[in-house]
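For reference, my_file.cif (mmCIF, C-alpha atoms):
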data_run
loop_
_atom_site.label_atom_id
_atom_site.label_comp_id
_atom_site.auth_asym_id
_atom_site.auth_seq_id
_atom_site.Cartn_x
_atom_site.Cartn_y
_atom_site.Cartn_z
CA MET A 4 0.00 0.00 0.00
CA ALA A 5 2.90 2.37 0.76
CA PHE A 6 4.15 1.83 -2.81
CA LEU A 7 0.82 2.84 -4.36
CA ILE A 8 0.40 5.88 -2.11
CA ALA A 9 3.94 7.08 -2.92
CA LEU A 10 3.44 6.36 -6.63
CA PHE A 11 0.19 8.26 -7.09
CA SER A 12 1.11 11.01 -4.67
CA SER A 13 4.37 11.81 -6.44
CA MET A 14 2.72 11.43 -9.85
CA ILE A 15 -0.28 13.69 -9.36
CA VAL A 16 -0.45 15.65 -6.12
CA GLN A 17 3.26 16.35 -5.67
CA ASN A 18 4.03 16.48 -9.40
CA VAL A 19 7.49 17.93 -10.02
CA ILE A 20 6.27 20.38 -12.65
CA LEU A 21 2.86 21.31 -11.34
CA ALA A 22 3.66 21.49 -7.62
CA GLY A 23 7.43 21.72 -7.47
CA TYR A 24 8.20 23.71 -10.62
CA LYS A 25 11.29 21.61 -11.36
CA GLY A 26 12.26 20.71 -14.91
CA LEU A 27 10.45 23.61 -16.57
CA CYS A 28 13.29 24.26 -19.02
CA SER A 29 12.98 20.89 -20.75
CA TYR A 30 9.22 20.88 -20.22
CA VAL A 31 8.72 24.05 -22.29
CA GLY A 32 11.61 23.36 -24.68
CA ILE A 33 10.74 19.84 -25.85
CA SER A 34 6.94 19.95 -25.68
CA ASN A 35 6.28 21.44 -29.11
CA LYS A 36 6.05 18.03 -30.78
CA TRP A 37 4.29 15.02 -29.31
CA SER A 38 6.85 12.53 -30.66
CA SER A 39 9.77 14.40 -29.09
CA ALA A 40 7.90 14.63 -25.79
CA VAL A 41 7.31 10.87 -25.77
CA GLY A 42 10.99 10.14 -26.37
CA MET A 43 12.24 12.68 -23.84
CA GLY A 44 9.78 11.50 -21.22
CA ALA A 45 10.73 7.86 -21.69
CA ALA A 46 14.46 8.61 -21.53
CA LEU A 47 14.08 10.80 -18.45
CA THR A 48 11.85 8.24 -16.73
CA LEU A 49 14.38 5.46 -17.24
CA VAL A 50 17.36 7.57 -16.14
CA SER A 51 15.48 8.98 -13.12
CA PHE A 52 14.26 5.59 -11.94
CA ILE A 53 17.69 3.96 -12.11
CA ALA A 54 19.50 7.01 -10.72
CA GLY A 55 17.05 7.31 -7.83
CA LEU A 56 17.54 3.70 -6.76
CA VAL A 57 21.32 3.80 -7.21
CA CYS A 58 21.66 7.09 -5.31
CA TRP A 59 19.42 5.80 -2.50
CA GLY A 60 21.76 2.84 -2.07
CA LEU A 61 24.90 4.97 -2.39
CA GLN A 62 23.70 7.28 0.38
CA PHE A 63 24.00 4.44 2.89
CA LEU A 64 27.57 3.80 1.71
CA LEU A 65 28.45 7.50 1.88
CA ASP A 66 27.02 7.73 5.40
CA ALA A 67 28.91 4.61 6.51
CA LEU A 68 32.18 6.07 5.21
CA GLY A 69 31.46 9.41 6.85
CA VAL A 70 31.49 11.36 3.60
CA GLY A 71 27.79 12.16 3.31
CA TYR A 72 28.68 15.74 2.39
CA LEU A 73 29.83 14.46 -1.04
CA GLN A 74 26.36 13.23 -1.97
CA THR A 75 25.62 15.93 -4.57
CA VAL A 76 28.91 15.36 -6.42
CA VAL A 77 28.48 11.58 -6.37
CA PHE A 78 24.86 11.81 -7.48
CA ILE A 79 25.75 14.08 -10.41
CA LEU A 80 28.44 11.61 -11.50
CA VAL A 81 25.95 8.74 -11.35
CA ILE A 82 23.37 10.71 -13.34
CA ALA A 83 25.93 11.82 -15.95
CA SER A 84 27.11 8.23 -16.41
CA LEU A 85 23.56 6.96 -16.86
CA VAL A 86 22.73 9.70 -19.37
CA GLN A 87 25.86 8.92 -21.39
CA MET A 88 24.92 5.24 -21.53
CA MET A 89 21.35 6.17 -22.50
CA GLU A 90 22.63 8.48 -25.24
CA ILE A 91 24.82 5.74 -26.70
CA VAL A 92 21.94 3.24 -26.72
CA ILE A 93 19.48 5.70 -28.29
CA LYS A 94 22.01 6.79 -30.92
CA LYS A 95 22.69 3.17 -31.86
CA PHE A 96 19.17 1.74 -31.86
CA LEU A 97 16.85 4.77 -32.33
CA PRO A 98 18.64 7.30 -34.58
CA GLY A 99 15.41 9.15 -35.43
CA LEU A 100 14.67 9.77 -31.76
CA TYR A 101 18.30 10.77 -31.20
CA ALA A 102 18.00 13.40 -33.94
CA ALA A 103 14.63 14.62 -32.62
CA LEU A 104 15.88 15.07 -29.07
CA GLY A 105 19.04 16.85 -30.17
CA ILE A 106 20.55 18.91 -27.38
CA TYR A 107 17.86 17.96 -24.87
CA LEU A 108 19.18 14.42 -24.39
CA PRO A 109 22.52 15.45 -22.80
CA LEU A 110 20.63 18.07 -20.81
CA ILE A 111 18.95 15.28 -18.83
CA THR A 112 22.18 15.34 -16.81
CA THR A 113 21.38 18.81 -15.53
CA ASN A 114 17.61 18.33 -15.33
CA CYS A 115 16.31 19.29 -11.90
CA VAL A 116 13.88 16.37 -11.89
CA VAL A 117 16.62 13.74 -11.89
CA LEU A 118 18.81 15.34 -9.23
CA GLY A 119 15.78 16.36 -7.17
CA LEU A 120 14.58 12.76 -7.12
CA ALA A 121 18.02 11.48 -6.12
CA LEU A 122 18.27 13.98 -3.29
CA GLN A 123 14.70 13.31 -2.13
CA VAL A 124 15.06 9.54 -1.88
CA SER A 125 18.54 9.75 -0.34
CA GLY A 126 16.94 10.99 2.87
CA MET A 127 14.55 8.03 3.14
CA ALA A 128 15.29 5.22 5.57
CA ALA A 129 16.15 1.66 4.56
CA ALA A 130 12.81 0.41 5.90
CA ASP A 131 10.94 2.62 3.43
CA TRP A 132 11.91 0.61 0.33
CA ALA A 133 8.31 0.49 -0.97
CA LYS A 134 7.98 4.25 -0.57
CA VAL A 135 11.37 4.75 -2.29
CA LEU A 136 10.34 2.51 -5.18
CA GLY A 137 7.01 4.33 -5.53
CA THR A 138 8.69 7.74 -5.46
CA CYS A 139 11.44 6.69 -7.90
CA LEU A 140 8.78 5.54 -10.35
CA GLY A 141 6.09 8.12 -9.63
CA MET A 142 8.11 11.32 -9.90
CA PRO A 143 9.42 10.71 -13.47
CA LEU A 144 6.10 9.20 -14.55
CA GLY A 145 4.37 12.35 -13.32
CA TYR A 146 6.80 14.43 -15.37
CA TYR A 147 6.14 12.15 -18.36
CA LEU A 148 2.35 12.41 -17.95
CA VAL A 149 2.36 16.20 -17.75
CA LEU A 150 4.82 16.44 -20.66
CA ILE A 151 2.58 14.29 -22.88
CA ILE A 152 -0.57 16.23 -21.95
CA PHE A 153 1.18 19.54 -22.47
CA SER A 154 2.64 18.50 -25.84
CA ALA A 155 -0.87 17.63 -27.04
CA ILE A 156 -2.08 21.04 -25.84
CA GLN A 157 0.88 22.74 -27.57
CA GLU A 158 0.09 21.03 -30.88
CA ARG A 159 -3.51 22.14 -30.57
CA LEU A 160 -2.48 25.72 -29.69
CA ALA A 161 -0.22 25.83 -32.74
CA LEU A 162 -3.34 25.58 -34.88
CA SER A 163 -5.09 28.43 -33.06
CA ASP A 164 -4.62 32.16 -33.39
CA PRO A 165 -4.44 33.71 -29.89
CA TYR A 166 -3.91 37.38 -29.16
CA LYS A 167 -0.33 38.63 -29.63
CA THR A 168 0.20 39.00 -25.89
CA PHE A 169 -0.65 35.35 -25.30
CA LYS A 170 1.57 33.81 -27.98
CA GLY A 171 4.51 31.65 -27.00
CA ALA A 172 5.57 31.09 -23.41
CA ALA A 173 2.79 33.20 -21.88
CA LEU A 174 0.04 30.86 -23.10
CA ALA A 175 2.18 27.84 -22.22
CA PHE A 176 2.48 28.94 -18.61
CA ILE A 177 -1.21 29.82 -18.40
CA CYS A 178 -2.06 26.27 -19.53
CA THR A 179 0.44 24.89 -17.02
CA ALA A 180 -1.20 26.91 -14.24
CA PHE A 181 -4.60 25.45 -15.10
CA MET A 182 -3.13 21.93 -15.07
CA ALA A 183 -1.53 22.68 -11.67
CA MET A 184 -4.90 23.76 -10.26
CA ALA A 185 -6.51 20.57 -11.56
CA ALA A 186 -3.78 18.40 -9.98
CA ALA A 187 -4.08 20.29 -6.67
CA GLY A 188 -7.69 19.16 -6.49
CA PHE A 189 -6.49 15.62 -5.78
CA ALA A 190 -4.62 16.73 -2.63
CA GLY A 191 -7.29 15.53 -0.22
CA ILE A 192 -7.82 12.19 -1.94
CA ILE A 193 -4.27 10.84 -2.05
#
Would you write out, as structure tokens, the structure that this file holds?
Amino acid sequence: MAFLIALFSSMIVQNVILAGYKGLCSYVGISNKWSSAVGMGAALTLVSFIAGLVCWGLQFLLDALGVGYLQTVVFILVIASLVQMMEIVIKKFLPGLYAALGIYLPLITTNCVVLGLALQVSGMAAADWAKVLGTCLGMPLGYYLVLIIFSAIQERLALSDPYKTFKGAALAFICTAFMAMAAAGFAGII
């Protein structure tokens, strides 16, 4: 039950974009095309999930060695290594997706969502493994869900003709604010 609560809570109520405002740079940058959003979301979900679990385990080692203050440096190295491996795999097996993602794929290394997840789960106790697993899966899936919904909205808005003052990022952030209000409505349920 702790897994499901952590999963849905981090996916919807405590969504990193809608409640935490992390990862907005890639969220706005890659969401113009649905296909790019799907690829970016899948890559970020995989990297975040693995990095979160690895960093959670490494935190116990860092604490045992008495070098817990190095957690941010170690976590960034883990994330950078995972992103490099992901980039090599995508370039080899999915060259179309690699071309579509362009500069955004290496930027997963500096994405706030990945490091934020690693830092969040590093503070959880060893007994909370179900909660850690739910958070490691729910946080990137929440990012993925919002990215997919927003890319569909962006494609629809590209066909419309809004006022000049609402074109571009202004309308994007207004839509994001409405999505955040809708997600906040689930706060009492989960």
Check: If the PyMOL selection byres ((chain A and resi 7-18) around 7) is run on the structure shown, which residues does it catch, given as a PyMOL selection string?
Finding: chain A and resi 4-6+19-23+134+137-138+140-142+144-146+186-187+189-190+193
Notebook entry, point to check: Which one of A:Ala103, A:Ala54, A:Ala40, A:Val117 sits closest to A:Gly26 if you count all atoms listed in the file?
Noted result: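 Comparing A:Ala103, A:Ala54, A:Ala40, A:Val117 against A:Gly26, the winner is A:Val117.
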Notebook entry, point to check: So what does the PyMOL selection byres ((chain A and resi 88-102) around 9) actually pick up in this one, as a PyMOL selection string?
Noted result: chain A and resi 38-39+42-43+46+49-50+83-87+103-106+108-109
Next item on the list: Rank nothing, just name the residue among A:Gln157, A:Ser34, A:Thr75, A:Ser125 nearest to A:Val57, using all atoms listed in the file.
Entry: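 The closest residue to A:Val57 is A:Ser125.
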Next item on the list: Compare A:Cys139, A:Val41, A:Ala130, A:Thr168 by their minimum atom-to-atom distance to A:Cys58, counting all atoms listed in the file, and give me the closest one.
Entry: A:Cys139
Notebook entry, point to check: How far is it from atom CA of A:Gln123 to atom CA of A:Asn35, in Å with one decimal?
Noted result: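 Result for atom CA of A:Gln123 versus atom CA of A:Asn35: 29.4 Å, one decimal.
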Check: Of the residues A:Val124, A:Leu150, A:Leu47, A:Leu56, which is the one nearest to A:Thr179, using all atoms listed in the file?
Finding: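 Among the listed residues, the smallest separation from A:Thr179 belongs to A:Leu150.
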Check: A:Ile156, A:Val70, A:Ile82, A:Leu61: which is nearest A:Phe181, counting all atoms listed in the file?
Finding: A:Ile156
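Run against this file, the PyMOL selection byres ((chain A and resi 60) around 12) gives back Ile53, Ala54, Gly55, Leu56, Val57, Cys58, Trp59, Leu61, Gln62, Phe63, Leu64, Leu65, Asp66, Ala67, Gln74, Val77, Phe78, Val81, Ala121, Leu122, Val124, Ser125, Gly126, Met127, Ala128, Ala129, Trp132, Val135 and Leu136 of chain A.
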Margin query: To one decimal place in Å, what is the distance between atom CA of A:Trp37 and atom CA of A:Leu162?
Written below: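 Rounded to one decimal, the two atoms are 14.2 Å apart.
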Next item on the list: Compare A:Ala185, A:Asn114, A:Leu160, A:Ile79 by their minimum atom-to-atom distance to A:Tyr24, counting only C-alpha atoms, and give me the closest one.
Entry: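 Nearest candidate to A:Tyr24 out of A:Ala185, A:Asn114, A:Leu160, A:Ile79: A:Asn114.
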Give me the residues within 10 Å of A:Cys28 as a CSV table (one decimal) with C-alpha atoms, in the coordinates of the input, counting only C-alpha atoms and dropping any in the same chain fewer than 4 places off.
chain,number,residue,atom,x,y,z
A,24,TYR,CA,8.2,23.7,-10.6
A,32,GLY,CA,11.6,23.4,-24.7
A,33,ILE,CA,10.7,19.8,-25.8
A,107,TYR,CA,17.9,18.0,-24.9
A,110,LEU,CA,20.6,18.1,-20.8
A,114,ASN,CA,17.6,18.3,-15.3
A,115,CYS,CA,16.3,19.3,-11.9
Kindly provide, as lines of an AutoDock Vina configuration file, the centre and edge lengths (Å, one decimal) of an axis-aligned box around all atoms of stretch 13-29 of chain A given in the file, with 3 Å on each side.
center_x = 6.4
center_y = 17.8
center_z = -13.2
size_x = 19.7
size_y = 18.8
size_z = 21.1
Next item on the list: Please determine the residues with any atom at most 6 Å from (0.9, 28.1, -27.5) (coordinates as given in the file, with only C-alpha atoms counting) and report them as a list of chain:residue names.
Entry: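 Neighbouring residues, ordered by chain and number, come to A:Gln157, A:Leu160, A:Ala161, A:Lys170, A:Gly171, A:Leu174, A:Ala175.
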Would you put the residues from that selection into a file with C-alpha atoms, as a short mmCIF file (atom, residue, chain, number, x, y, z; two decimals), in the coordinates of the input?
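File written: out-v7.cif
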data_model
loop_
_atom_site.label_atom_id
_atom_site.label_comp_id
_atom_site.auth_asym_id
_atom_site.auth_seq_id
_atom_site.Cartn_x
_atom_site.Cartn_y
_atom_site.Cartn_z
CA GLN A 157 0.88 22.74 -27.57
CA LEU A 160 -2.48 25.72 -29.69
CA ALA A 161 -0.22 25.83 -32.74
CA LYS A 170 1.57 33.81 -27.98
CA GLY A 171 4.51 31.65 -27.00
CA LEU A 174 0.04 30.86 -23.10
CA ALA A 175 2.18 27.84 -22.22
#
Note to self: Please compute the atom CA of A:Pro143-atom CA of A:Phe52 distance, one decimal, in Å.
What the structure shows: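 Going from atom CA of A:Pro143 over to atom CA of A:Phe52 covers 7.2 Å.
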For stretch 16-29 of chain A, which lacks atoms in the input, supply N, CA and C atoms and format the output as a tab-separated table (two decimals), keeping the file's coordinate frame.
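Ended up saving to part-v8.tsv:
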chain	number	residue	atom	x	y	z
A	16	VAL	N	-0.33	14.58	-7.11
A	16	VAL	CA	-0.45	15.65	-6.12
A	16	VAL	C	0.85	16.42	-5.97
A	17	GLN	N	1.96	15.72	-5.84
A	17	GLN	CA	3.26	16.35	-5.67
A	17	GLN	C	4.05	16.30	-6.98
A	18	ASN	N	3.40	16.52	-8.09
A	18	ASN	CA	4.03	16.48	-9.40
A	18	ASN	C	5.17	17.50	-9.46
A	19	VAL	N	6.30	17.07	-10.03
A	19	VAL	CA	7.49	17.93	-10.02
A	19	VAL	C	7.30	19.21	-10.82
A	20	ILE	N	6.49	19.18	-11.84
A	20	ILE	CA	6.27	20.38	-12.65
A	20	ILE	C	5.14	21.21	-12.06
A	21	LEU	N	4.05	20.57	-11.74
A	21	LEU	CA	2.86	21.31	-11.34
A	21	LEU	C	2.89	21.79	-9.89
A	22	ALA	N	3.59	21.08	-9.03
A	22	ALA	CA	3.66	21.49	-7.62
A	22	ALA	C	5.05	21.96	-7.23
A	23	GLY	N	6.07	21.39	-7.86
A	23	GLY	CA	7.43	21.72	-7.47
A	23	GLY	C	8.15	22.65	-8.42
A	24	TYR	N	7.63	22.83	-9.60
A	24	TYR	CA	8.20	23.71	-10.62
A	24	TYR	C	9.65	23.36	-10.94
A	25	LYS	N	9.97	22.07	-10.94
A	25	LYS	CA	11.29	21.61	-11.36
A	25	LYS	C	11.18	21.11	-12.80
A	26	GLY	N	12.22	21.24	-13.55
A	26	GLY	CA	12.26	20.71	-14.91
A	26	GLY	C	11.50	21.53	-15.93
A	27	LEU	N	11.22	22.78	-15.64
A	27	LEU	CA	10.45	23.61	-16.57
A	27	LEU	C	11.20	23.90	-17.87
A	28	CYS	N	12.54	23.93	-17.82
A	28	CYS	CA	13.29	24.26	-19.02
A	28	CYS	C	13.07	23.21	-20.11
A	29	SER	N	13.21	21.94	-19.76
A	29	SER	CA	12.98	20.89	-20.75
A	29	SER	C	11.50	20.72	-21.04
